[in-house]
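Novice: Pasting my_file38.txt below, which is compact mmCIF, C-alpha atoms.
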```txt
# COMPACT_ATOMS: atom_id res chain seq x y z
CA MET A 1 81.71 144.14 94.72
CA SER A 2 78.30 142.59 95.47
CA LEU A 3 77.65 138.86 95.18
CA GLU A 4 75.34 139.43 92.23
CA THR A 5 77.96 141.52 90.41
CA ALA A 6 80.63 138.90 91.13
CA SER A 7 78.34 136.16 89.81
CA MET A 8 77.70 138.09 86.61
CA ALA A 9 81.44 138.66 86.15
CA ALA A 10 82.13 134.95 86.61
CA ALA A 11 79.42 134.07 84.08
CA ASP A 12 80.98 136.48 81.59
CA LEU A 13 84.36 134.83 82.21
CA VAL A 14 82.90 131.43 81.34
CA ARG A 15 81.21 132.72 78.20
CA GLU A 16 84.30 134.48 76.87
CA PHE A 17 87.11 132.09 77.73
CA SER A 18 85.66 128.58 78.31
CA ALA A 19 86.45 127.40 74.78
CA LEU A 20 90.09 128.52 74.74
CA TYR A 21 91.08 128.41 78.43
CA PRO A 22 88.78 125.95 80.26
CA THR A 23 91.48 124.92 82.76
CA GLU A 24 92.24 128.48 83.79
CA VAL A 25 88.54 129.33 84.12
CA ALA A 26 87.95 126.20 86.21
CA THR A 27 90.90 127.08 88.47
CA THR A 28 89.37 130.52 89.06
CA LEU A 29 85.94 129.06 89.85
CA GLU A 30 87.45 126.51 92.27
CA THR A 31 88.19 129.38 94.65
CA GLN A 32 84.49 130.26 94.85
CA PRO A 33 81.79 128.63 97.03
CA VAL A 34 80.27 125.54 95.40
CA GLU A 35 76.80 127.10 95.35
CA GLU A 36 78.19 130.07 93.40
CA VAL A 37 80.01 127.82 90.92
CA ALA A 38 76.81 125.86 90.25
CA LYS A 39 74.86 129.09 89.77
CA VAL A 40 77.43 130.48 87.32
CA LEU A 41 77.68 127.30 85.22
CA GLU A 42 73.91 126.98 85.10
CA SER A 43 73.51 130.55 83.89
CA VAL A 44 75.44 129.93 80.64
CA GLU A 45 74.65 127.60 77.76
CA THR A 46 75.72 123.96 78.14
CA ALA A 47 78.26 124.14 75.31
CA ARG A 48 80.22 126.78 77.24
CA ALA A 49 79.70 125.30 80.70
CA LEU A 50 80.79 121.76 79.78
CA PRO A 51 84.51 122.44 78.99
CA VAL A 52 84.90 124.21 82.34
CA PHE A 53 82.92 121.60 84.27
CA GLN A 54 85.19 118.88 82.86
CA GLN A 55 88.25 120.64 84.31
CA LEU A 56 86.88 120.93 87.86
CA SER A 57 88.27 118.56 90.47
CA PHE A 58 86.10 115.48 91.05
CA GLU A 59 85.16 116.67 94.51
CA THR A 60 84.02 120.09 93.29
CA ALA A 61 82.37 118.73 90.15
CA ALA A 62 80.29 116.23 92.15
CA SER A 63 79.17 118.96 94.55
CA VAL A 64 78.27 121.26 91.65
CA LEU A 65 76.38 118.48 89.85
CA GLU A 66 74.38 117.87 93.01
CA ARG A 67 73.30 121.53 93.06
CA PHE A 68 72.38 121.80 89.38
CA GLY A 69 68.78 121.87 88.33
CA GLU A 70 67.55 118.61 86.84
CA GLU A 71 67.69 119.79 83.22
CA ARG A 72 71.24 121.18 83.42
CA ALA A 73 72.48 118.07 85.27
CA ARG A 74 70.83 115.90 82.61
CA GLN A 75 72.52 117.80 79.78
CA ILE A 76 75.93 117.66 81.45
CA LEU A 77 75.73 113.91 82.16
CA ILE A 78 74.68 113.16 78.58
CA ASP A 79 77.58 115.15 77.10
CA LEU A 80 80.27 114.00 79.55
CA GLU A 81 82.52 111.03 78.85
CA PRO A 82 80.63 108.05 80.37
CA ALA A 83 83.50 107.05 82.67
CA ARG A 84 83.69 110.54 84.19
CA ALA A 85 79.93 110.82 84.46
CA ALA A 86 79.77 107.48 86.29
CA ALA A 87 82.63 108.48 88.59
CA LEU A 88 80.80 111.68 89.54
CA LEU A 89 77.51 109.87 90.17
CA THR A 90 79.20 107.42 92.53
CA ARG A 91 80.20 110.37 94.73
CA LEU A 92 76.59 111.44 95.26
CA ASP A 93 74.28 110.00 97.89
CA GLY A 94 71.79 107.34 96.83
CA ASN A 95 68.74 109.58 96.44
CA ASP A 96 70.48 112.22 94.31
CA ARG A 97 72.13 109.55 92.16
CA GLU A 98 68.84 107.75 91.54
CA ARG A 99 67.06 111.03 90.75
CA LEU A 100 69.63 111.96 88.10
CA LEU A 101 69.68 108.48 86.57
CA GLN A 102 65.90 108.54 86.16
CA ALA A 103 66.15 111.87 84.33
CA LEU A 104 68.51 110.39 81.72
CA PRO A 105 67.56 108.46 78.58
CA GLN A 106 67.23 104.77 79.42
CA ARG A 107 70.20 103.71 77.29
CA ILE A 108 72.58 106.20 78.89
CA ALA A 109 71.31 105.43 82.39
CA LYS A 110 71.97 101.73 81.76
CA GLU A 111 75.52 102.46 80.55
CA LEU A 112 76.31 104.58 83.60
CA THR A 113 74.80 102.04 85.99
CA GLU A 114 77.01 99.31 84.53
CA LEU A 115 80.08 101.54 84.78
CA MET A 116 79.30 102.32 88.42
CA ALA A 117 79.45 98.60 89.17
CA TYR A 118 83.23 98.80 88.74
CA THR A 119 85.35 100.20 91.54
CA GLU A 120 87.65 103.17 90.93
CA ASP A 121 90.72 100.94 90.84
CA GLN A 122 89.38 98.71 88.05
CA ALA A 123 89.93 99.27 84.33
CA GLY A 124 86.20 99.06 83.65
CA SER A 125 85.63 102.34 85.47
CA LEU A 126 87.59 104.15 82.73
CA MET A 127 86.01 102.62 79.66
CA ASP A 128 83.66 104.18 77.18
CA PRO A 129 80.91 101.66 76.31
CA ARG A 130 80.16 103.54 73.08
CA VAL A 131 82.35 101.52 70.76
CA THR A 132 81.86 100.85 67.04
CA THR A 133 82.47 97.24 66.02
CA PHE A 134 82.61 95.32 62.73
CA LEU A 135 82.66 91.68 61.75
CA PRO A 136 86.03 90.47 60.43
CA GLU A 137 84.45 89.83 57.01
CA ALA A 138 83.32 93.46 56.60
CA THR A 139 85.05 95.35 53.80
CA VAL A 140 86.89 98.65 53.91
CA GLU A 141 84.16 100.23 51.80
CA GLN A 142 81.46 99.16 54.28
CA ALA A 143 83.49 100.33 57.25
CA LEU A 144 84.17 103.78 55.78
CA ALA A 145 80.52 104.26 54.88
CA ARG A 146 79.48 103.53 58.46
CA LEU A 147 82.27 105.60 60.02
CA ARG A 148 81.21 108.65 58.03
CA GLU A 149 77.97 108.59 59.97
CA LYS A 150 79.78 108.65 63.34
CA LYS A 151 79.91 111.93 65.23
CA THR A 152 82.56 110.83 67.73
CA ARG A 153 86.29 110.64 67.03
CA VAL A 154 87.55 107.21 65.96
CA ASP A 155 91.21 106.15 66.04
CA ASN A 156 90.92 102.37 65.87
CA VAL A 157 88.24 100.06 64.54
CA PHE A 158 87.51 96.93 66.60
CA LEU A 159 86.45 93.57 65.21
CA VAL A 160 84.22 91.05 66.95
CA ASP A 161 83.00 87.62 65.88
CA ASN A 162 79.37 86.51 65.82
CA GLU A 163 79.50 85.87 69.57
CA GLY A 164 80.72 89.39 70.30
CA SER A 165 84.21 88.21 71.25
CA PHE A 166 87.10 90.58 70.56
CA ALA A 167 88.83 89.57 67.33
CA GLY A 168 91.37 92.36 66.83
CA ALA A 169 91.91 96.03 66.11
CA VAL A 170 92.53 97.91 62.87
CA VAL A 171 94.13 101.34 62.68
CA LEU A 172 91.93 103.88 60.91
CA GLN A 173 94.82 104.97 58.67
CA ASP A 174 95.20 101.40 57.35
CA ILE A 175 91.50 101.38 56.46
CA ALA A 176 91.80 104.70 54.63
CA LEU A 177 94.74 103.45 52.52
CA ALA A 178 93.44 99.95 51.72
CA PRO A 179 91.47 99.03 48.58
CA PRO A 180 87.67 99.25 49.09
CA SER A 181 87.14 95.49 48.69
CA THR A 182 89.72 94.51 51.34
CA GLN A 183 88.28 92.63 54.31
CA LEU A 184 89.04 94.18 57.69
CA GLN A 185 90.42 90.92 59.09
CA ARG A 186 93.36 91.25 56.67
CA LEU A 187 94.29 94.59 58.27
CA VAL A 188 94.24 93.42 61.90
CA GLN A 189 97.21 94.46 64.05
CA PRO A 190 99.68 91.57 64.55
CA SER A 191 99.46 91.67 68.37
CA PRO A 192 95.94 92.70 69.42
CA THR A 193 95.85 93.78 73.05
CA SER A 194 92.89 93.95 75.40
CA ILE A 195 92.31 94.22 79.13
CA LYS A 196 89.74 92.65 81.45
CA ALA A 197 87.18 95.08 82.85
CA ILE A 198 88.00 93.97 86.41
CA ALA A 199 91.77 94.25 85.93
CA PRO A 200 93.49 96.67 88.33
CA ARG A 201 94.27 100.09 86.93
CA GLU A 202 97.97 99.50 87.63
CA GLU A 203 98.04 97.18 84.60
CA LEU A 204 97.36 100.17 82.38
CA ALA A 205 100.84 101.50 83.14
CA GLU A 206 102.39 98.26 81.95
CA ILE A 207 100.30 98.20 78.79
CA LEU A 208 101.05 101.82 77.99
CA GLU A 209 104.76 101.12 78.57
CA HIS A 210 104.88 98.18 76.12
CA TYR A 211 102.30 99.18 73.52
CA LYS A 212 101.84 102.51 71.81
CA LEU A 213 98.05 102.56 71.81
CA SER A 214 95.56 105.26 70.99
CA SER A 215 92.81 103.19 72.62
CA LEU A 216 92.52 99.95 74.56
CA PRO A 217 89.63 97.48 74.15
CA VAL A 218 87.99 96.20 77.35
CA VAL A 219 86.57 92.67 77.52
CA ASP A 220 84.55 90.64 80.02
CA PHE A 221 85.30 87.15 81.39
CA GLU A 222 84.21 85.56 78.10
CA GLU A 223 86.40 87.89 76.02
CA ARG A 224 83.37 89.80 74.72
CA LEU A 225 84.14 93.40 73.81
CA ILE A 226 82.22 95.68 76.18
CA GLY A 227 83.99 99.03 75.79
CA VAL A 228 87.16 100.93 75.03
CA ILE A 229 89.52 103.09 77.07
CA ARG A 230 90.50 106.14 75.04
CA HIS A 231 94.08 107.39 74.88
CA LYS A 232 93.44 110.40 77.10
CA ALA A 233 91.89 108.19 79.78
CA LEU A 234 94.88 105.82 79.52
CA VAL A 235 97.38 108.63 80.02
CA ASP A 236 95.31 110.27 82.77
CA ALA A 237 94.99 106.96 84.63
CA VAL A 238 98.74 106.31 84.58
CA GLU A 239 99.44 109.90 85.61
CA GLU A 240 96.88 109.73 88.40
CA GLU A 241 98.31 106.44 89.65
CA ALA A 242 101.81 107.92 89.76
CA THR A 243 100.73 111.08 91.58
CA ALA A 244 98.50 109.11 93.93
CA ASN A 245 101.50 106.96 94.85
CA LEU A 246 103.45 110.11 95.71
CA GLN A 247 100.64 111.22 98.03
CA THR A 248 100.05 107.89 99.75
CA MET A 249 103.77 107.42 100.37
CA THR A 250 103.63 110.46 102.64
CA GLY A 251 100.30 109.66 104.29
CA ALA A 252 98.00 111.92 102.23
CA GLY A 253 94.89 110.31 100.78
CA ARG A 254 94.63 109.32 97.11
CA GLU A 255 91.43 111.32 96.73
CA GLU A 256 92.84 114.59 98.06
CA ARG A 257 93.46 117.41 95.59
CA ALA A 258 95.28 120.72 95.93
CA LEU A 259 91.97 122.57 96.36
CA SER A 260 90.19 119.98 98.52
CA LYS A 261 88.32 121.18 101.58
CA VAL A 262 90.35 121.65 104.75
CA SER A 263 88.15 119.19 106.64
CA PHE A 264 88.67 116.54 103.95
CA ALA A 265 92.45 117.00 103.97
CA VAL A 266 92.61 116.83 107.77
CA LYS A 267 90.52 113.67 107.80
CA LYS A 268 92.89 111.96 105.37
CA ARG A 269 96.18 113.15 106.85
CA LEU A 270 95.69 113.27 110.61
CA PRO A 271 95.56 109.50 111.29
CA TRP A 272 98.91 108.98 109.59
CA LEU A 273 100.42 111.95 111.40
CA GLN A 274 99.37 110.36 114.69
CA ILE A 275 100.97 107.10 113.60
CA ASN A 276 104.09 109.02 112.61
CA LEU A 277 104.15 110.61 116.07
CA ALA A 278 104.07 107.19 117.68
CA THR A 279 106.94 105.97 115.51
CA ALA A 280 108.90 109.15 116.31
CA PHE A 281 108.59 108.36 120.02
CA LEU A 282 109.80 104.85 119.22
CA ALA A 283 112.91 106.25 117.53
CA ALA A 284 113.40 108.71 120.41
CA SER A 285 113.28 105.83 122.89
CA VAL A 286 116.29 104.31 121.14
CA VAL A 287 118.21 107.54 121.72
CA GLY A 288 117.09 107.43 125.36
CA LEU A 289 118.79 104.06 125.82
CA PHE A 290 122.14 105.78 125.28
CA GLU A 291 121.48 108.87 127.38
CA ASP A 292 124.58 108.33 129.52
CA THR A 293 126.84 107.93 126.49
CA ILE A 294 125.48 111.15 124.91
CA ALA A 295 125.91 113.03 128.21
CA LYS A 296 129.55 111.92 128.37
CA PHE A 297 130.35 112.64 124.72
CA THR A 298 128.28 115.63 123.58
CA ALA A 299 129.79 115.48 120.08
CA LEU A 300 127.56 112.47 119.46
CA ALA A 301 124.43 114.63 119.66
CA VAL A 302 125.86 116.95 117.01
CA LEU A 303 126.67 114.12 114.60
CA LEU A 304 123.53 112.03 115.16
CA PRO A 305 121.43 113.84 112.48
CA VAL A 306 124.22 113.26 109.94
CA VAL A 307 123.89 109.48 110.18
CA ALA A 308 120.09 109.57 110.29
CA GLY A 309 119.90 111.94 107.31
CA GLN A 310 122.16 109.86 105.07
CA SER A 311 120.40 106.61 105.92
CA GLY A 312 117.02 108.26 105.30
CA ASN A 313 118.09 109.48 101.86
CA THR A 314 119.48 106.06 100.98
CA GLY A 315 116.21 104.39 101.97
CA ALA A 316 114.16 106.92 99.99
CA GLN A 317 116.22 106.23 96.85
CA ALA A 318 115.71 102.48 97.17
CA LEU A 319 112.01 102.99 97.89
CA GLY A 320 111.50 105.15 94.81
CA VAL A 321 113.19 102.68 92.47
CA THR A 322 111.32 99.70 93.93
CA MET A 323 107.97 101.51 93.81
CA ARG A 324 108.48 102.32 90.14
CA GLY A 325 109.42 98.72 89.41
CA LEU A 326 106.25 97.44 91.07
CA ALA A 327 104.05 100.03 89.35
CA LEU A 328 105.41 99.21 85.88
CA ARG A 329 105.48 95.45 86.59
CA GLU A 330 109.24 95.35 86.03
CA ILE A 331 109.44 93.30 89.22
CA THR A 332 107.03 91.05 91.13
CA LEU A 333 107.05 89.54 94.62
CA ARG A 334 109.27 86.67 93.47
CA HIS A 335 112.07 89.17 92.77
CA TRP A 336 112.26 90.27 96.41
CA LEU A 337 115.63 88.63 97.13
CA ARG A 338 117.34 90.02 94.02
CA VAL A 339 116.01 93.51 94.70
CA MET A 340 117.02 93.34 98.36
CA VAL A 341 120.56 92.10 97.60
CA LYS A 342 120.97 94.77 94.91
CA GLU A 343 119.87 97.62 97.20
CA ALA A 344 121.96 96.25 100.08
CA SER A 345 125.01 96.24 97.80
CA VAL A 346 124.30 99.76 96.56
CA GLY A 347 123.79 100.95 100.14
CA PHE A 348 127.05 99.35 101.29
CA ILE A 349 129.16 100.78 98.45
CA ASN A 350 127.63 104.24 98.81
CA GLY A 351 128.04 103.92 102.58
CA VAL A 352 131.76 103.27 102.23
CA ALA A 353 132.16 106.28 99.93
CA VAL A 354 130.10 108.61 102.13
CA ALA A 355 131.75 107.30 105.30
CA GLY A 356 135.19 108.14 103.92
CA VAL A 357 134.26 111.77 103.31
CA THR A 358 132.42 111.97 106.65
CA MET A 359 135.44 110.65 108.56
CA LEU A 360 137.69 113.27 107.00
CA GLY A 361 135.27 116.02 108.00
CA VAL A 362 134.81 114.70 111.53
CA TYR A 363 138.56 114.38 112.05
CA ALA A 364 139.12 117.95 110.86
CA TRP A 365 136.38 119.11 113.25
CA SER A 366 137.10 117.03 116.36
CA GLY A 367 140.60 115.58 115.93
CA SER A 368 139.29 112.32 117.41
CA LEU A 369 140.33 109.22 115.49
CA GLY A 370 137.99 107.06 117.56
CA LEU A 371 134.98 109.26 116.70
CA CYS A 372 135.92 108.98 113.01
CA VAL A 373 135.96 105.17 113.21
CA VAL A 374 132.60 105.08 115.03
CA ILE A 375 130.76 107.36 112.62
CA GLY A 376 132.34 105.66 109.59
CA LEU A 377 131.21 102.18 110.64
CA ALA A 378 127.80 103.49 111.69
CA MET A 379 127.33 105.20 108.33
CA ILE A 380 128.10 102.01 106.42
CA MET A 381 125.78 99.90 108.60
CA ALA A 382 122.93 102.41 108.57
CA MET A 383 123.02 103.00 104.80
CA THR A 384 123.17 99.27 104.04
CA ILE A 385 120.16 98.58 106.26
CA ALA A 386 118.32 101.59 104.81
CA GLY A 387 118.77 100.24 101.28
CA VAL A 388 117.29 96.90 102.34
CA ALA A 389 114.40 98.62 104.15
CA GLY A 390 113.61 100.86 101.18
CA ALA A 391 113.41 97.84 98.89
CA ILE A 392 111.56 95.45 101.16
CA THR A 393 108.89 97.80 102.58
CA PRO A 394 106.73 98.13 99.42
CA ILE A 395 107.28 94.46 98.55
CA LEU A 396 106.05 93.37 102.00
CA LEU A 397 102.99 95.61 101.69
CA SER A 398 102.21 94.03 98.32
CA ALA A 399 102.67 90.54 99.77
CA VAL A 400 100.03 91.14 102.45
CA GLY A 401 97.59 92.59 99.93
CA GLN A 402 98.06 96.26 100.79
CA ASP A 403 98.78 99.22 98.54
CA PRO A 404 102.60 99.24 98.28
CA ALA A 405 102.61 103.03 98.28
CA GLN A 406 100.43 103.40 101.38
CA SER A 407 102.49 105.56 103.71
CA SER A 408 105.61 103.51 103.02
CA SER A 409 107.78 106.57 103.64
CA ILE A 410 106.51 106.74 107.23
CA VAL A 411 107.44 103.09 107.80
CA LEU A 412 110.79 103.63 106.11
CA THR A 413 111.61 106.73 108.17
CA THR A 414 110.94 104.79 111.36
CA VAL A 415 113.24 101.94 110.33
CA THR A 416 116.07 104.17 109.13
CA ASP A 417 115.92 106.40 112.22
CA ILE A 418 115.93 103.47 114.65
CA PHE A 419 118.80 101.63 112.97
CA GLY A 420 120.70 104.84 112.27
CA PHE A 421 120.51 105.93 115.91
CA PHE A 422 121.17 102.43 117.25
CA SER A 423 124.19 101.75 115.04
CA PHE A 424 125.85 105.10 115.80
CA LEU A 425 125.14 105.24 119.52
CA GLY A 426 125.67 101.51 119.99
CA LEU A 427 129.09 101.64 118.39
CA ALA A 428 129.94 104.78 120.37
CA THR A 429 129.09 102.94 123.60
CA LEU A 430 131.04 99.88 122.50
CA PHE A 431 134.15 101.91 121.60
CA SER A 432 133.75 104.60 124.27
CA SER A 433 137.34 104.09 125.39
CA MET A 434 138.53 105.37 121.97
CA LEU A 435 136.49 108.59 122.07
```
Would you give me this structure, written as structure tokens?

Specialist:
Amino acid sequence: MSLETASMAAADLVREFSALYPTEVATTLETQPVEEVAKVLESVETARALPVFQQLSFETAASVLERFGEERARQILIDLEPARAAALLTRLDGNDRERLLQALPQRIAKELTELMAYTEDQAGSLMDPRVTTFLPEATVEQALARLREKKTRVDNVFLVDNEGSFAGAVVLQDIALAPPSTQLQRLVQPSPTSIKAIAPREELAEILEHYKLSSLPVVDFEERLIGVIRHKALVDAVEEEATANLQTMTGAGREERALSKVSFAVKKRLPWLQINLATAFLAASVVGLFEDTIAKFTALAVLLPVVAGQSGNTGAQALGVTMRGLALREITLRHWLRVMVKEASVGFINGVAVAGVTMLGVYAWSGSLGLCVVIGLAMIMAMTIAGVAGAITPILLSAVGQDPAQSSSIVLTTVTDIFGFFSFLGLATLFSSML
């Protein structure tokens, strides 16, 4: 099939299925060269191209936007959610970004410029500045008359005073059911919630956990309402934060996606793999200290992975629970001692239980009572220390101002391997006369 025929087929795919299956169409286009994707999306009308463009990964979407003609790029940026449009523009180089901003209506260009002032990890980067507000004294009749003129979906109505300060939120259903003469301030939710534009995105998880919101008002330092984060953006942000934590725990970059370029993925992963290699040599050096003991009792080499594996799993469990607690603000740095004691206790109790089963298996295999005692004690020690390490690693990273998820599993693996090897081989050396 020629390139021209393939391009025509892709354009037909967008035309026929973009409305019903935009995600599937976008996934198909992601496998094509960026130049081809831009050509296909530019060849169809904006109404059909937009749903597919919205489903492209940020990396691909930014590259496609850069290759669009000025008119198509202008149409796409006007129709996109402002937060996403701003996020895409920040990924372009200065000249391309400035060129596209100048092509936009002045009001929209100003909105996007203000949004780009916020970093990706701030709540302001997710907000939609297009928010409809009313004075508290406005009546239901006045509000409904104005809302009928709105073309965008509205879930909540926000109230501001004469200074523009946030004064509360009213659910649209309450407005629809209230008498026409009722003032909006009488329908305000009992616990209005807002978030500062510069607040970290992690706070969104806490807010979403405690409040069932369809939208979240965003305020500046003086409590003036400057935008709103829609429900979809709230959910997407929490989901992205959770999945990003999973990636950073293993050394992959937050920005990497399943279909990212190979060069981008290598750039993000390789440094941490090199660090992991160095820590692996560190753990191996611990084993080297007991080379004579292993040479004398070869059964130790067979059982060494058992201790390391159980301590690693114990540490991973503690790490996962602690990470979730930090992300949802269930715990803070001041809870470090309670968390550490709890995970140490869990590690010790589980260690005793696992050690008992391990000792029975080792005795059936080797018939050595001394080897059973050594591996049992080592298992208890290693799993207790692993529980402490899994709890304290993300807390320490938070205390020094680092992302608590940033490659914590690599740090944890190093600690659990070193202590697992040292406890088992150290005890074997100490009780060598019993083996």

Novice: Which residue, A:Leu92, A:Ala178, A:Ala47, A:Ala167, has the smallest gap to A:Leu80 when you use only C-alpha atoms?

Specialist: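 The closest residue to A:Leu80 is A:Ala47.
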
Novice: Closest to A:Gly390 among A:Asn276, A:Ser433, A:Gln32, A:Thr414, using all atoms listed in the file?

Specialist: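 Ranking A:Asn276, A:Ser433, A:Gln32, A:Thr414 by distance to A:Gly390, first place goes to A:Thr414.
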
Novice: Please, what distance in Å, to one decimal, runs between atom CA of A:Lys261 and atom CA of A:Ile410?

Specialist: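 Answer for the atom CA of A:Lys261 to atom CA of A:Ile410 separation: 23.9 Å.
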
Novice: Identify which of the residues A:Trp365, A:Phe53, A:Tyr118, A:Phe419 lies closest to A:Gly312, counting all atoms listed in the file when measuring atom-to-atom distances.

Specialist: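 Ranking A:Trp365, A:Phe53, A:Tyr118, A:Phe419 by distance to A:Gly312, first place goes to A:Phe419.
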
Novice: Give the answer as one residue: which of A:Thr23, A:Thr279, A:Ser57, A:Thr314 has the shortest atom-to-atom distance to A:Ile418, using only C-alpha atoms?

Specialist: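 Smallest separation from A:Ile418 among the options: A:Thr279.
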
Novice: Taking all atoms listed in the file into account, name the residue in A:Arg230, A:Glu203, A:Ala123, A:Arg97 that is nearest to A:Glu81.

Specialist: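 Using all atoms listed in the file, A:Glu81 sits closest to A:Arg230.
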
Novice: Mind giving me the straight-line distance from atom CA of A:Gly69 to atom CA of A:Gly124 in Å, one decimal?

Specialist: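 Going from atom CA of A:Gly69 over to atom CA of A:Gly124, I get 29.1 Å.
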
Novice: Rank nothing, just name the residue among A:Leu326, A:Val411, A:Val170, A:Leu333 nearest to A:Leu273, using all atoms listed in the file.

Specialist: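 Closest residue, counting all atoms listed in the file: A:Val411.
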
Novice: I'd like the contact shell of stretch 358-362 of chain A - 8 Å cut-off, all atoms listed in the file, skipping same-chain residues fewer than 6 positions apart - returned as an mmCIF file with C-alpha atoms, in the frame of the given file.

Specialist:
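Final file, selection24.cif:
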```
data_model
loop_
_atom_site.group_PDB
_atom_site.id
_atom_site.type_symbol
_atom_site.label_atom_id
_atom_site.label_comp_id
_atom_site.auth_asym_id
_atom_site.auth_seq_id
_atom_site.Cartn_x
_atom_site.Cartn_y
_atom_site.Cartn_z
ATOM 1 C CA SER A 368 139.290 112.320 117.410
ATOM 2 C CA LEU A 371 134.980 109.260 116.700
ATOM 3 C CA CYS A 372 135.920 108.980 113.010
ATOM 4 C CA VAL A 373 135.960 105.170 113.210
ATOM 5 C CA ILE A 375 130.760 107.360 112.620
ATOM 6 C CA GLY A 376 132.340 105.660 109.590
#
```

Novice: Might you pull out every residue within 12 Å of stretch 140-148 of chain A, with all atoms listed in the file counted and same-chain residues fewer than 2 positions away left off, and present them as a PyMOL selection string?

Specialist: chain A and resi 131-138+150-159+170-187

Novice: Using only C-alpha atoms, which protein or nucleic acid residues come within 10 Å of A:Gln75? Drop anything in the same chain fewer than 3 positions from it, and give the result as a ChimeraX atom specification.

Specialist: /A:46-47,50,70-72,78-80,103-104

Novice: Axis-aligned box over every listed atom of stretch 117-135 of chain A, padded by 4 Å per side: centre and edges in Å to one decimal, as JSON?

Specialist:
```
{"center_x": 85.1, "center_y": 97.9, "center_z": 76.6, "size_x": 19.3, "size_y": 20.5, "size_z": 37.8}
```

Novice: Identify, on the basis of only C-alpha atoms, every residue whose closest approach to A:His231 does not exceed 10 Å; exclude the query and any residue fewer than 5 positions from it along the same chain; express the result as a ChimeraX atom specification.

Specialist: /A:155,208,212-216,236-237
